[in-house]
$ cat entry.pdb   # PDB, C-alpha atoms and all ligand atoms
ATOM      1  CA  ALA A 886      15.463  17.044  15.316
ATOM      2  CA  ASP A 887      14.138  18.303  12.006
ATOM      3  CA  LEU A 888      13.715  15.505   9.537
ATOM      4  CA  ASP A 889      15.036  15.890   6.028
ATOM      5  CA  LEU A 890      11.879  14.580   4.400
ATOM      6  CA  ALA A 891      13.138  15.166   0.856
ATOM      7  CA  ALA A 892      16.165  12.946   1.574
ATOM      8  CA  LEU A 893      13.992  10.261   3.182
ATOM      9  CA  GLU A 894      11.608  10.331   0.214
ATOM     10  CA  SER A 895      14.443  10.024  -2.266
ATOM     11  CA  LEU A 896      15.949   7.081  -0.336
ATOM     12  CA  ALA A 897      12.511   5.401  -0.203
ATOM     13  CA  LEU A 898      12.237   5.818  -3.983
ATOM     14  CA  ASP A 899      15.745   4.484  -4.682
ATOM     15  CA  VAL A 900      15.205   1.421  -2.528
ATOM     16  CA  ALA A 901      11.703   0.711  -3.866
ATOM     17  CA  ARG A 902      12.969   1.010  -7.457
ATOM     18  CA  THR A 903      15.960  -1.233  -6.815
ATOM     19  CA  CYS A 904      13.769  -3.912  -5.233
ATOM     20  CA  ALA A 905      11.176  -3.546  -8.024
ATOM     21  CA  ARG A 906      13.898  -4.172 -10.626
ATOM     22  CA  LEU A 907      15.062  -7.238  -8.720
ATOM     23  CA  ILE A 908      11.624  -8.848  -8.571
ATOM     24  CA  VAL A 909      10.919  -8.182 -12.266
ATOM     25  CA  ASP A 910      14.373  -9.048 -13.661
ATOM     26  CA  GLU A 911      14.986 -12.114 -11.531
ATOM     27  CA  ARG A 912      11.510 -13.605 -11.339
ATOM     28  CA  PRO A 913      12.161 -17.353 -11.795
ATOM     29  CA  ARG A 914      10.195 -19.042 -14.570
ATOM     30  CA  ASP A 915       9.304 -21.830 -12.206
ATOM     31  CA  LEU A 916       8.409 -19.511  -9.337
ATOM     32  CA  GLY A 917       6.575 -21.403  -6.635
ATOM     33  CA  VAL A 918       5.364 -20.879  -3.120
ATOM     34  CA  ALA A 919       8.295 -20.888  -0.670
ATOM     35  CA  ALA A 920       6.136 -20.915   2.452
ATOM     36  CA  THR A 921       2.668 -20.207   3.714
ATOM     37  CA  LYS A 922       1.985 -17.926   6.672
ATOM     38  CA  SER A 923      -1.365 -17.349   8.399
ATOM     39  CA  SER A 924      -3.254 -19.763   6.120
ATOM     40  CA  ARG A 925      -2.773 -21.802   2.918
ATOM     41  CA  THR A 926      -3.795 -18.761   0.870
ATOM     42  CA  ASP A 927      -1.218 -16.475   2.566
ATOM     43  CA  VAL A 928       1.842 -17.251   0.455
ATOM     44  CA  VAL A 929       5.482 -16.124   0.347
ATOM     45  CA  THR A 930       7.816 -16.596  -2.615
ATOM     46  CA  VAL A 931      11.578 -16.671  -2.569
ATOM     47  CA  MET A 932      11.467 -13.250  -4.242
ATOM     48  CA  ASP A 933       9.512 -11.695  -1.339
ATOM     49  CA  GLN A 934      12.380 -12.840   0.853
ATOM     50  CA  ARG A 935      15.095 -11.610  -1.501
ATOM     51  CA  SER A 936      13.402  -8.249  -2.063
ATOM     52  CA  GLU A 937      13.032  -7.669   1.656
ATOM     53  CA  ALA A 938      16.641  -8.681   2.371
ATOM     54  CA  LEU A 939      17.799  -6.206  -0.287
ATOM     55  CA  ALA A 940      15.663  -3.371   1.125
ATOM     56  CA  ARG A 941      16.920  -4.118   4.598
ATOM     57  CA  GLU A 942      20.539  -4.078   3.490
ATOM     58  CA  LEU A 943      20.219  -0.846   1.455
ATOM     59  CA  LEU A 944      18.361   1.011   4.210
ATOM     60  CA  GLY A 945      20.656  -0.332   6.941
ATOM     61  CA  THR A 946      23.711   0.862   5.023
ATOM     62  CA  ALA A 947      22.247   4.285   4.232
ATOM     63  CA  ARG A 948      20.775   4.935   7.701
ATOM     64  CA  PRO A 949      22.117   2.502  10.312
ATOM     65  CA  ASP A 950      20.292   4.122  13.256
ATOM     66  CA  ASP A 951      16.833   3.693  11.773
ATOM     67  CA  GLY A 952      14.536   0.802  12.608
ATOM     68  CA  PHE A 953      13.181  -1.728  10.125
ATOM     69  CA  HIS A 954       9.791  -3.384  10.052
ATOM     70  CA  GLY A 955       9.248  -5.766   7.158
ATOM     71  CA  GLU A 956       6.533  -8.169   6.134
ATOM     72  CA  GLU A 957       8.808 -11.199   5.957
ATOM     73  CA  SER A 958      11.744 -10.783   8.313
ATOM     74  CA  GLY A 959      10.609  -9.016  11.446
ATOM     75  CA  ARG A 960      11.961  -5.920  13.131
ATOM     76  CA  VAL A 961      14.921  -3.840  14.142
ATOM     77  CA  THR A 962      14.273  -1.106  16.722
ATOM     78  CA  ALA A 963      15.235   2.469  15.833
ATOM     79  CA  THR A 964      17.481   4.759  17.799
ATOM     80  CA  SER A 965      16.881   7.653  15.372
ATOM     81  CA  GLY A 966      13.081   7.860  15.701
ATOM     82  CA  ILE A 967      12.567   6.680  12.102
ATOM     83  CA  THR A 968      11.493   3.149  11.208
ATOM     84  CA  TRP A 969      11.285   1.827   7.649
ATOM     85  CA  VAL A 970       8.128  -0.153   7.006
ATOM     86  CA  VAL A 971       8.579  -2.294   3.909
ATOM     87  CA  ASP A 972       6.324  -4.532   1.885
ATOM     88  CA  PRO A 973       8.819  -6.264  -0.437
ATOM     89  CA  ILE A 974       6.047  -7.471  -2.782
ATOM     90  CA  ASP A 975       2.541  -6.182  -2.176
ATOM     91  CA  GLY A 976       0.329  -8.316  -4.341
ATOM     92  CA  THR A 977       2.267 -11.545  -3.900
ATOM     93  CA  VAL A 978      -0.503 -13.685  -5.400
ATOM     94  CA  ASN A 979      -0.554 -11.490  -8.549
ATOM     95  CA  TYR A 980       3.233 -11.839  -8.704
ATOM     96  CA  LEU A 981       3.001 -15.614  -8.345
ATOM     97  CA  TYR A 982       0.616 -15.760 -11.329
ATOM     98  CA  ASP A 983       2.524 -13.086 -13.309
ATOM     99  CA  ILE A 984      -0.443 -10.708 -13.249
ATOM    100  CA  PRO A 985       1.212  -7.275 -13.636
ATOM    101  CA  ALA A 986      -0.199  -5.591 -10.521
ATOM    102  CA  TYR A 987       2.252  -5.815  -7.663
ATOM    103  CA  ALA A 988       4.362  -3.230  -5.907
ATOM    104  CA  VAL A 989       7.221  -2.560  -3.557
ATOM    105  CA  SER A 990       6.267  -0.212  -0.734
ATOM    106  CA  VAL A 991       8.927   1.595   1.310
ATOM    107  CA  ALA A 992       7.862   4.033   4.020
ATOM    108  CA  ALA A 993       9.748   6.065   6.623
ATOM    109  CA  VAL A 994       7.465   6.279   9.646
ATOM    110  CA  VAL A 995       7.616   7.914  13.063
ATOM    111  CA  GLY A 996       6.246   6.112  16.107
ATOM    112  CA  ASP A 997       5.945   2.372  16.658
ATOM    113  CA  PRO A 998       4.627   0.551  13.584
ATOM    114  CA  SER A 999       3.918  -2.587  15.606
ATOM    115  CA  VAL A1000       1.221  -0.730  17.590
ATOM    116  CA  PRO A1001      -1.920   0.083  15.571
ATOM    117  CA  GLY A1002      -2.554   3.830  15.521
ATOM    118  CA  ALA A1003       0.809   4.664  17.182
ATOM    119  CA  TRP A1004       2.728   5.545  14.031
ATOM    120  CA  ALA A1005       2.498   7.767  10.961
ATOM    121  CA  PRO A1006       4.313   7.773   7.619
ATOM    122  CA  VAL A1007       6.459  10.828   6.849
ATOM    123  CA  ALA A1008       8.127  10.009   3.500
ATOM    124  CA  THR A1009       7.219   7.128   1.213
ATOM    125  CA  ALA A1010       7.486   5.476  -2.180
ATOM    126  CA  VAL A1011       5.333   2.805  -3.811
ATOM    127  CA  VAL A1012       6.671   1.385  -7.075
ATOM    128  CA  ASP A1013       4.354  -0.466  -9.440
ATOM    129  CA  ALA A1014       7.041  -2.949 -10.414
ATOM    130  CA  ALA A1015       5.626  -4.287 -13.697
ATOM    131  CA  ARG A1016       4.806  -0.823 -15.122
ATOM    132  CA  GLY A1017       7.603   1.126 -13.475
ATOM    133  CA  ASP A1018       5.247   3.821 -12.146
ATOM    134  CA  ALA A1019       6.474   5.357  -8.908
ATOM    135  CA  TYR A1020       4.240   7.106  -6.378
ATOM    136  CA  VAL A1021       6.048   9.266  -3.833
ATOM    137  CA  ALA A1022       4.923  11.489  -0.983
ATOM    138  CA  ARG A1023       6.285  13.391   1.963
ATOM    139  CA  ARG A1024       4.437  14.873   4.906
ATOM    140  CA  GLY A1025       3.324  18.436   4.317
ATOM    141  CA  GLY A1026       4.646  18.244   0.755
ATOM    142  CA  SER A1027       2.766  16.674  -2.088
ATOM    143  CA  ALA A1028       2.017  13.316  -3.641
ATOM    144  CA  ARG A1029       3.542  12.741  -7.053
ATOM    145  CA  LEU A1030       3.483  10.121  -9.765
ATOM    146  CA  LEU A1031       6.600   9.514 -11.848
ATOM    147  CA  ARG A1032       5.626   7.729 -15.053
ATOM    148  CA  THR A1033       7.454   7.008 -18.269
ATOM    149  CA  ASP A1034       5.347   7.130 -21.433
ATOM    150  CA  PRO A1035       5.916   3.712 -23.083
ATOM    151  CA  ARG A1036       5.648   5.404 -26.515
ATOM    152  CA  ARG A1037       8.413   7.888 -25.603
ATOM    153  CA  PRO A1038      10.711   6.113 -23.148
ATOM    154  CA  GLU A1039      13.629   8.361 -24.157
ATOM    155  CA  ALA A1040      11.818  11.300 -22.505
ATOM    156  CA  GLY A1041      12.287   9.632 -19.093
ATOM    157  CA  PRO A1042       9.778   9.724 -16.239
ATOM    158  CA  GLN A1043       7.322  12.615 -16.273
ATOM    159  CA  GLU A1044       6.220  13.978 -12.930
ATOM    160  CA  GLN A1045       2.591  14.644 -12.101
ATOM    161  CA  THR A1046       1.179  16.028  -8.847
ATOM    162  CA  LEU A1047      -1.670  13.852  -7.602
ATOM    163  CA  VAL A1048      -4.884  15.458  -6.416
ATOM    164  CA  CYS A1049      -7.726  13.285  -5.177
ATOM    165  CA  VAL A1050     -10.923  14.212  -7.038
ATOM    166  CA  GLU A1051     -13.668  15.351  -4.639
ATOM    167  CA  SER A1052     -17.067  13.649  -4.891
ATOM    168  CA  ASP A1053     -19.789  12.296  -2.633
ATOM    169  CA  ASP A1054     -21.690  10.320  -5.253
ATOM    170  CA  LEU A1055     -21.193   6.750  -4.083
ATOM    171  CA  GLY A1056     -23.544   5.410  -6.772
ATOM    172  CA  ALA A1057     -21.101   6.661  -9.438
ATOM    173  CA  ALA A1058     -17.970   5.500  -7.608
ATOM    174  CA  LEU A1059     -15.595   2.754  -8.729
ATOM    175  CA  CYS A1060     -14.751   1.110  -5.436
ATOM    176  CA  GLY A1061     -11.634  -0.943  -4.720
ATOM    177  CA  THR A1062     -11.403  -3.537  -2.022
ATOM    178  CA  GLY A1063      -9.377  -6.562  -1.005
ATOM    179  CA  PHE A1064      -9.704  -9.750   0.965
ATOM    180  CA  GLY A1065      -7.683 -11.124   3.843
ATOM    181  CA  TYR A1066      -6.301 -14.645   4.034
ATOM    182  CA  ASP A1067      -8.450 -16.060   6.839
ATOM    183  CA  ALA A1068     -11.423 -18.095   5.590
ATOM    184  CA  ASP A1069     -13.898 -16.766   8.191
ATOM    185  CA  VAL A1070     -12.860 -13.169   7.542
ATOM    186  CA  ARG A1071     -13.297 -13.809   3.807
ATOM    187  CA  ALA A1072     -16.780 -15.174   4.293
ATOM    188  CA  GLY A1073     -17.680 -11.920   6.090
ATOM    189  CA  GLN A1074     -15.988  -9.861   3.349
ATOM    190  CA  GLY A1075     -18.095 -11.673   0.750
ATOM    191  CA  ARG A1076     -21.270 -10.680   2.602
ATOM    192  CA  VAL A1077     -20.124  -7.048   2.763
ATOM    193  CA  VAL A1078     -19.351  -7.034  -0.989
ATOM    194  CA  ALA A1079     -22.871  -8.323  -1.668
ATOM    195  CA  GLU A1080     -24.277  -5.230   0.061
ATOM    196  CA  VAL A1081     -21.821  -2.685  -1.350
ATOM    197  CA  LEU A1082     -21.918  -3.877  -4.987
ATOM    198  CA  PRO A1083     -25.501  -2.764  -5.786
ATOM    199  CA  ARG A1084     -24.752   0.702  -4.324
ATOM    200  CA  VAL A1085     -21.625   1.635  -6.329
ATOM    201  CA  ARG A1086     -20.651   1.876 -10.008
ATOM    202  CA  ASP A1087     -18.598  -1.297  -9.669
ATOM    203  CA  ILE A1088     -16.038  -3.039  -7.509
ATOM    204  CA  ARG A1089     -12.412  -3.925  -8.300
ATOM    205  CA  ARG A1090     -10.243  -6.371  -6.367
ATOM    206  CA  GLY A1091      -6.845  -5.444  -7.726
ATOM    207  CA  GLY A1092      -4.788  -7.687  -5.458
ATOM    208  CA  SER A1093      -2.326  -5.066  -4.202
ATOM    209  CA  ALA A1094      -3.652  -2.804  -1.480
ATOM    210  CA  ALA A1095      -0.719  -0.417  -1.893
ATOM    211  CA  LEU A1096      -1.497   0.062  -5.607
ATOM    212  CA  ASP A1097      -5.237   0.309  -4.961
ATOM    213  CA  LEU A1098      -4.602   3.171  -2.550
ATOM    214  CA  CYS A1099      -2.217   4.935  -4.961
ATOM    215  CA  TRP A1100      -4.856   4.523  -7.647
ATOM    216  CA  VAL A1101      -7.355   6.305  -5.414
ATOM    217  CA  ALA A1102      -4.907   9.245  -5.278
ATOM    218  CA  GLU A1103      -4.537   9.050  -9.060
ATOM    219  CA  GLY A1104      -8.252   8.690  -9.852
ATOM    220  CA  ARG A1105      -8.108   5.139 -11.271
ATOM    221  CA  LEU A1106     -10.346   4.169  -8.367
ATOM    222  CA  ASP A1107     -12.721   6.563  -6.608
ATOM    223  CA  VAL A1108     -12.740   5.009  -3.144
ATOM    224  CA  TYR A1109     -11.307   1.972  -1.345
ATOM    225  CA  TYR A1110     -12.007  -0.082   1.737
ATOM    226  CA  GLU A1111     -10.558  -3.229   3.227
ATOM    227  CA  ARG A1112     -10.644  -5.015   6.533
ATOM    228  CA  GLY A1113      -7.418  -6.323   8.062
ATOM    229  CA  LEU A1114      -4.651  -4.470   6.181
ATOM    230  CA  HIS A1115      -1.220  -4.699   7.770
ATOM    231  CA  GLU A1116       1.014  -1.701   8.374
ATOM    232  CA  TRP A1117       3.330  -2.764   5.516
ATOM    233  CA  ASP A1118       0.412  -2.869   3.037
ATOM    234  CA  LEU A1119      -0.704   0.568   4.154
ATOM    235  CA  ALA A1120       2.272   2.694   5.218
ATOM    236  CA  GLY A1121       3.569   3.813   1.824
ATOM    237  CA  ALA A1122       0.304   4.503   0.057
ATOM    238  CA  TRP A1123      -1.431   6.080   3.056
ATOM    239  CA  LEU A1124       0.741   9.195   2.692
ATOM    240  CA  VAL A1125       0.207   9.235  -1.083
ATOM    241  CA  VAL A1126      -3.559   9.446  -0.503
ATOM    242  CA  THR A1127      -3.442  12.029   2.296
ATOM    243  CA  GLU A1128      -0.903  14.270   0.545
ATOM    244  CA  ALA A1129      -3.131  14.104  -2.542
ATOM    245  CA  GLY A1130      -5.841  15.640  -0.355
ATOM    246  CA  GLY A1131      -7.719  12.422   0.387
ATOM    247  CA  VAL A1132      -8.682  10.843   3.684
ATOM    248  CA  VAL A1133      -7.483   7.515   5.133
ATOM    249  CA  ARG A1134      -9.393   6.419   8.209
ATOM    250  CA  GLY A1135     -10.875   3.525  10.108
ATOM    251  CA  LEU A1136     -14.585   3.095  10.682
ATOM    252  CA  HIS A1137     -14.355   4.524  14.187
ATOM    253  CA  ASP A1138     -11.030   6.357  14.287
ATOM    254  CA  THR A1139      -9.529   9.128  12.258
ATOM    255  CA  ALA A1140      -6.214   7.223  12.149
ATOM    256  CA  PRO A1141      -6.453   3.691  10.808
ATOM    257  CA  ALA A1142      -5.949   1.847  14.121
ATOM    258  CA  ASP A1143      -9.260   0.238  13.283
ATOM    259  CA  PRO A1144      -9.391  -3.151  11.507
ATOM    260  CA  VAL A1145     -11.152  -1.513   8.566
ATOM    261  CA  THR A1146      -9.382   1.048   6.351
ATOM    262  CA  VAL A1147     -11.437   3.421   4.194
ATOM    263  CA  ALA A1148      -9.673   5.789   1.779
ATOM    264  CA  GLY A1149     -10.681   8.374  -0.773
ATOM    265  CA  PRO A1150     -11.931  11.926  -1.067
ATOM    266  CA  ALA A1151     -13.700  13.080   2.132
ATOM    267  CA  GLY A1152     -17.164  13.081   0.511
ATOM    268  CA  LEU A1153     -16.986   9.479  -0.702
ATOM    269  CA  VAL A1154     -15.380   8.237   2.500
ATOM    270  CA  GLY A1155     -18.187  10.011   4.382
ATOM    271  CA  ALA A1156     -20.766   8.203   2.238
ATOM    272  CA  LEU A1157     -19.106   4.770   2.488
ATOM    273  CA  VAL A1158     -18.337   4.697   6.231
ATOM    274  CA  PRO A1159     -21.994   4.669   7.422
ATOM    275  CA  LEU A1160     -22.800   1.909   4.917
ATOM    276  CA  LEU A1161     -19.862  -0.244   6.120
ATOM    277  CA  GLU A1162     -20.643   0.485   9.785
ATOM    278  CA  GLY A1163     -23.950  -1.244   9.356
ATOM    279  CA  LEU A1164     -22.302  -4.287   7.746
ATOM    280  CA  VAL A1165     -18.922  -5.037   9.301
ATOM    281  CA  GLU A1166     -19.133  -6.770  12.638
ATOM    282  CA  PRO A1167     -16.402  -5.639  15.038
ATOM    283  CA  SER A1168     -13.547  -8.140  15.334
TER     284      SER A1168
HETATM  285  C1  LIG A1201      -2.067  -8.344   0.239
HETATM  286  C2  LIG A1201      -2.554  -7.478  -0.885
HETATM  287  C3  LIG A1201      -4.039  -7.682  -1.126
HETATM  288  C4  LIG A1201      -4.837  -7.401   0.110
HETATM  289  C5  LIG A1201      -4.332  -8.253   1.264
HETATM  290  C6  LIG A1201      -2.845  -8.029   1.477
HETATM  291  P1  LIG A1201       0.487  -9.153   0.185
HETATM  292  O1  LIG A1201      -0.695  -8.090   0.516
HETATM  293  O2  LIG A1201      -2.316  -6.128  -0.607
HETATM  294  O3  LIG A1201      -4.537  -6.842  -2.127
HETATM  295  O4  LIG A1201      -6.202  -7.680  -0.144
HETATM  296  O5  LIG A1201      -5.045  -7.875   2.425
HETATM  297  O6  LIG A1201      -2.378  -8.856   2.543
HETATM  298  O7  LIG A1201       0.230 -10.363   1.041
HETATM  299  O8  LIG A1201       0.414  -9.457  -1.246
HETATM  300  O9  LIG A1201       1.731  -8.395   0.562
END
$ encode --input "entry.pdb" --output "structure tokens"
Amino acid sequence: ADLDLAALESLALDVARTCARLIVDERPRDLGVAATKSSRTDVVTVMDQRSEALARELLGTARPDDGFHGEESGRVTATSGITWVVDPIDGTVNYLYDIPAYAVSVAAVVGDPSVPGAWAPVATAVVDAARGDAYVARRGGSARLLRTDPRRPEAGPQEQTLVCVESDDLGAALCGTGFGYDADVRAGQGRVVAEVLPRVRDIRRGGSAALDLCWVAEGRLDVYYERGLHEWDLAGAWLVVTEAGGVVRGLHDTAPADPVTVAGPAGLVGALVPLLEGLVEPS
């Protein structure tokens, strides 16, 4: 059946905005760590859980036949062919410390999001919760940023089409990256950073992979790489980058089934991949 991608995109945006409001408006003053997951550094707050429960309820009410695949609460299998992949707070550690760089990512995907490389996003929204910026995309459409000028809030959100700026000059590139939660993986990531840093303009570790990727589409970062992203970190912003004309790939695959994700304009991705190939040991 033909998918109504505009309707899916608008639902993704509504849900991401509603969850973003919840995590900003109801952030407890004494917010603490509710649980740890894969390691002591991999934390969950009560607001990750509440945001995901809200997304699940809103999406389940709007489209009961769709599947759900969230970071915190597991899966529901689809009968419609669409599964919602949700990161209820991407950038949980920033959120815990009240650093304003965290997002809600809501993505309608086709395929099976639990199998690397077997799924693709078709309509998505990533909302930068602290700033209110919303990044939306739909397959074969465009990637757009909806931003309200803080000096003229009465004008409402202004819409801007995102176009990834082409370049192949890695030495002049601001490169984003991120680190996983496993100590051995981190030690390897530190060694890779040591090699990449002298070859780029600079490196940023923003703490929200979804925002980093949207920022690549927007031009706030030139290129991005990270090892070990999960589908919920990636699903929403992947489409924002590709619909902005950029590339999202693994080191060895065109689709990011690979443990390493590289994103940016084709020229910069083409310059970064061979450098990373020489550095990142296969997992
Ligand atoms: C994390 C963030 C971080 C990235 C990690 C992710 P979470 O997501 O996106 O920037 O480096 O790999 O796990 O845990 O805050 O949803």
$ resolve_selection --input "entry.pdb" --expression "the PyMOL selection byres (((chain A and resi 934) around 12) and not hetatm)" --output "list in words"
Cys904, Leu907, Ile908, Val918, Ala919, Ala920, Val928, Val929, Thr930, Val931, Met932, Asp933, Arg935, Ser936, Glu937, Ala938, Leu939, Ala940, Arg941, Gly955, Glu956, Glu957, Ser958, Gly959, Val971, Asp972, Pro973, Ile974 and Thr977 of chain A
$ residues_near_ligand --input "entry.pdb" --ligand "ligand LIG 1201 (chain A)" --cutoff "10 Å" --atoms "all atoms listed in the file" --output "count of residues only"
50
$ atom_distance --input "entry.pdb" --atom1 "CA of Glu894 in chain A" --atom2 "CA of Val1007 in chain A"
8.4 Å
$ closest_residue --input "entry.pdb" --among "A:Arg1084, A:Arg1105, A:Arg1024, A:Arg1029" --to "Glu1044 in chain A" --atoms "all atoms listed in the file"
A:Arg1029
$ resolve_selection --input "entry.pdb" --expression "the PyMOL selection byres (((chain A and resi 1079-1081) around 12) and not hetatm)" --output "PDB file with C-alpha atoms, in the frame of the given file"
ATOM      1  CA  LEU A1055     -21.193   6.750  -4.083  1.00  0.00           C
ATOM      2  CA  GLY A1056     -23.544   5.410  -6.772  1.00  0.00           C
ATOM      3  CA  ALA A1058     -17.970   5.500  -7.608  1.00  0.00           C
ATOM      4  CA  LEU A1059     -15.595   2.754  -8.729  1.00  0.00           C
ATOM      5  CA  CYS A1060     -14.751   1.110  -5.436  1.00  0.00           C
ATOM      6  CA  GLY A1061     -11.634  -0.943  -4.720  1.00  0.00           C
ATOM      7  CA  THR A1062     -11.403  -3.537  -2.022  1.00  0.00           C
ATOM      8  CA  ALA A1072     -16.780 -15.174   4.293  1.00  0.00           C
ATOM      9  CA  GLY A1073     -17.680 -11.920   6.090  1.00  0.00           C
ATOM     10  CA  GLN A1074     -15.988  -9.861   3.349  1.00  0.00           C
ATOM     11  CA  GLY A1075     -18.095 -11.673   0.750  1.00  0.00           C
ATOM     12  CA  ARG A1076     -21.270 -10.680   2.602  1.00  0.00           C
ATOM     13  CA  VAL A1077     -20.124  -7.048   2.763  1.00  0.00           C
ATOM     14  CA  VAL A1078     -19.351  -7.034  -0.989  1.00  0.00           C
ATOM     15  CA  LEU A1082     -21.918  -3.877  -4.987  1.00  0.00           C
ATOM     16  CA  PRO A1083     -25.501  -2.764  -5.786  1.00  0.00           C
ATOM     17  CA  ARG A1084     -24.752   0.702  -4.324  1.00  0.00           C
ATOM     18  CA  VAL A1085     -21.625   1.635  -6.329  1.00  0.00           C
ATOM     19  CA  ARG A1086     -20.651   1.876 -10.008  1.00  0.00           C
ATOM     20  CA  ASP A1087     -18.598  -1.297  -9.669  1.00  0.00           C
ATOM     21  CA  ILE A1088     -16.038  -3.039  -7.509  1.00  0.00           C
ATOM     22  CA  ARG A1089     -12.412  -3.925  -8.300  1.00  0.00           C
ATOM     23  CA  TYR A1109     -11.307   1.972  -1.345  1.00  0.00           C
ATOM     24  CA  TYR A1110     -12.007  -0.082   1.737  1.00  0.00           C
ATOM     25  CA  ALA A1156     -20.766   8.203   2.238  1.00  0.00           C
ATOM     26  CA  LEU A1157     -19.106   4.770   2.488  1.00  0.00           C
ATOM     27  CA  VAL A1158     -18.337   4.697   6.231  1.00  0.00           C
ATOM     28  CA  PRO A1159     -21.994   4.669   7.422  1.00  0.00           C
ATOM     29  CA  LEU A1160     -22.800   1.909   4.917  1.00  0.00           C
ATOM     30  CA  LEU A1161     -19.862  -0.244   6.120  1.00  0.00           C
ATOM     31  CA  GLU A1162     -20.643   0.485   9.785  1.00  0.00           C
ATOM     32  CA  GLY A1163     -23.950  -1.244   9.356  1.00  0.00           C
ATOM     33  CA  LEU A1164     -22.302  -4.287   7.746  1.00  0.00           C
ATOM     34  CA  VAL A1165     -18.922  -5.037   9.301  1.00  0.00           C
TER      35      VAL A1165
END
$ resolve_selection --input "entry.pdb" --expression "the PyMOL selection byres (((chain A and resi 1102) around 12) and not hetatm)" --output "MDAnalysis selection string"
chainID A and resid 1020:1022 1027:1030 1045:1051 1095:1101 1103:1109 1122:1133 1148:1150
$ write_last_selection --input "entry.pdb" --atoms "C-alpha atoms" --output "compact mmCIF listing (two decimals), in the coordinates of the input"
# COMPACT_ATOMS: atom_id res chain seq x y z
CA TYR A 1020 4.24 7.11 -6.38
CA VAL A 1021 6.05 9.27 -3.83
CA ALA A 1022 4.92 11.49 -0.98
CA SER A 1027 2.77 16.67 -2.09
CA ALA A 1028 2.02 13.32 -3.64
CA ARG A 1029 3.54 12.74 -7.05
CA LEU A 1030 3.48 10.12 -9.76
CA GLN A 1045 2.59 14.64 -12.10
CA THR A 1046 1.18 16.03 -8.85
CA LEU A 1047 -1.67 13.85 -7.60
CA VAL A 1048 -4.88 15.46 -6.42
CA CYS A 1049 -7.73 13.28 -5.18
CA VAL A 1050 -10.92 14.21 -7.04
CA GLU A 1051 -13.67 15.35 -4.64
CA ALA A 1095 -0.72 -0.42 -1.89
CA LEU A 1096 -1.50 0.06 -5.61
CA ASP A 1097 -5.24 0.31 -4.96
CA LEU A 1098 -4.60 3.17 -2.55
CA CYS A 1099 -2.22 4.93 -4.96
CA TRP A 1100 -4.86 4.52 -7.65
CA VAL A 1101 -7.36 6.30 -5.41
CA GLU A 1103 -4.54 9.05 -9.06
CA GLY A 1104 -8.25 8.69 -9.85
CA ARG A 1105 -8.11 5.14 -11.27
CA LEU A 1106 -10.35 4.17 -8.37
CA ASP A 1107 -12.72 6.56 -6.61
CA VAL A 1108 -12.74 5.01 -3.14
CA TYR A 1109 -11.31 1.97 -1.34
CA ALA A 1122 0.30 4.50 0.06
CA TRP A 1123 -1.43 6.08 3.06
CA LEU A 1124 0.74 9.20 2.69
CA VAL A 1125 0.21 9.24 -1.08
CA VAL A 1126 -3.56 9.45 -0.50
CA THR A 1127 -3.44 12.03 2.30
CA GLU A 1128 -0.90 14.27 0.55
CA ALA A 1129 -3.13 14.10 -2.54
CA GLY A 1130 -5.84 15.64 -0.36
CA GLY A 1131 -7.72 12.42 0.39
CA VAL A 1132 -8.68 10.84 3.68
CA VAL A 1133 -7.48 7.52 5.13
CA ALA A 1148 -9.67 5.79 1.78
CA GLY A 1149 -10.68 8.37 -0.77
CA PRO A 1150 -11.93 11.93 -1.07
$ closest_residue --input "entry.pdb" --among "A:Ile984, A:Ala1003, A:Asp910, A:Ala901" --to "Ala1142 in chain A" --atoms "all atoms listed in the file"
A:Ala1003
$ closest_residue --input "entry.pdb" --among "A:Arg925, A:Gly1017, A:Asp915, A:Ser965" --to "Thr903 in chain A" --atoms "all atoms listed in the file"
A:Gly1017
$ residues_around --input "entry.pdb" --residues "Gly952 in chain A" --least-positions-apart "3" --cutoff "8 Å" --atoms "all atoms listed in the file" --output "PyMOL selection string"
chain A and resi 960-969
$ atom_distance --input "entry.pdb" --atom1 "CA of Asp1138 in chain A" --atom2 "CA of Asp997 in chain A"
17.6 Å
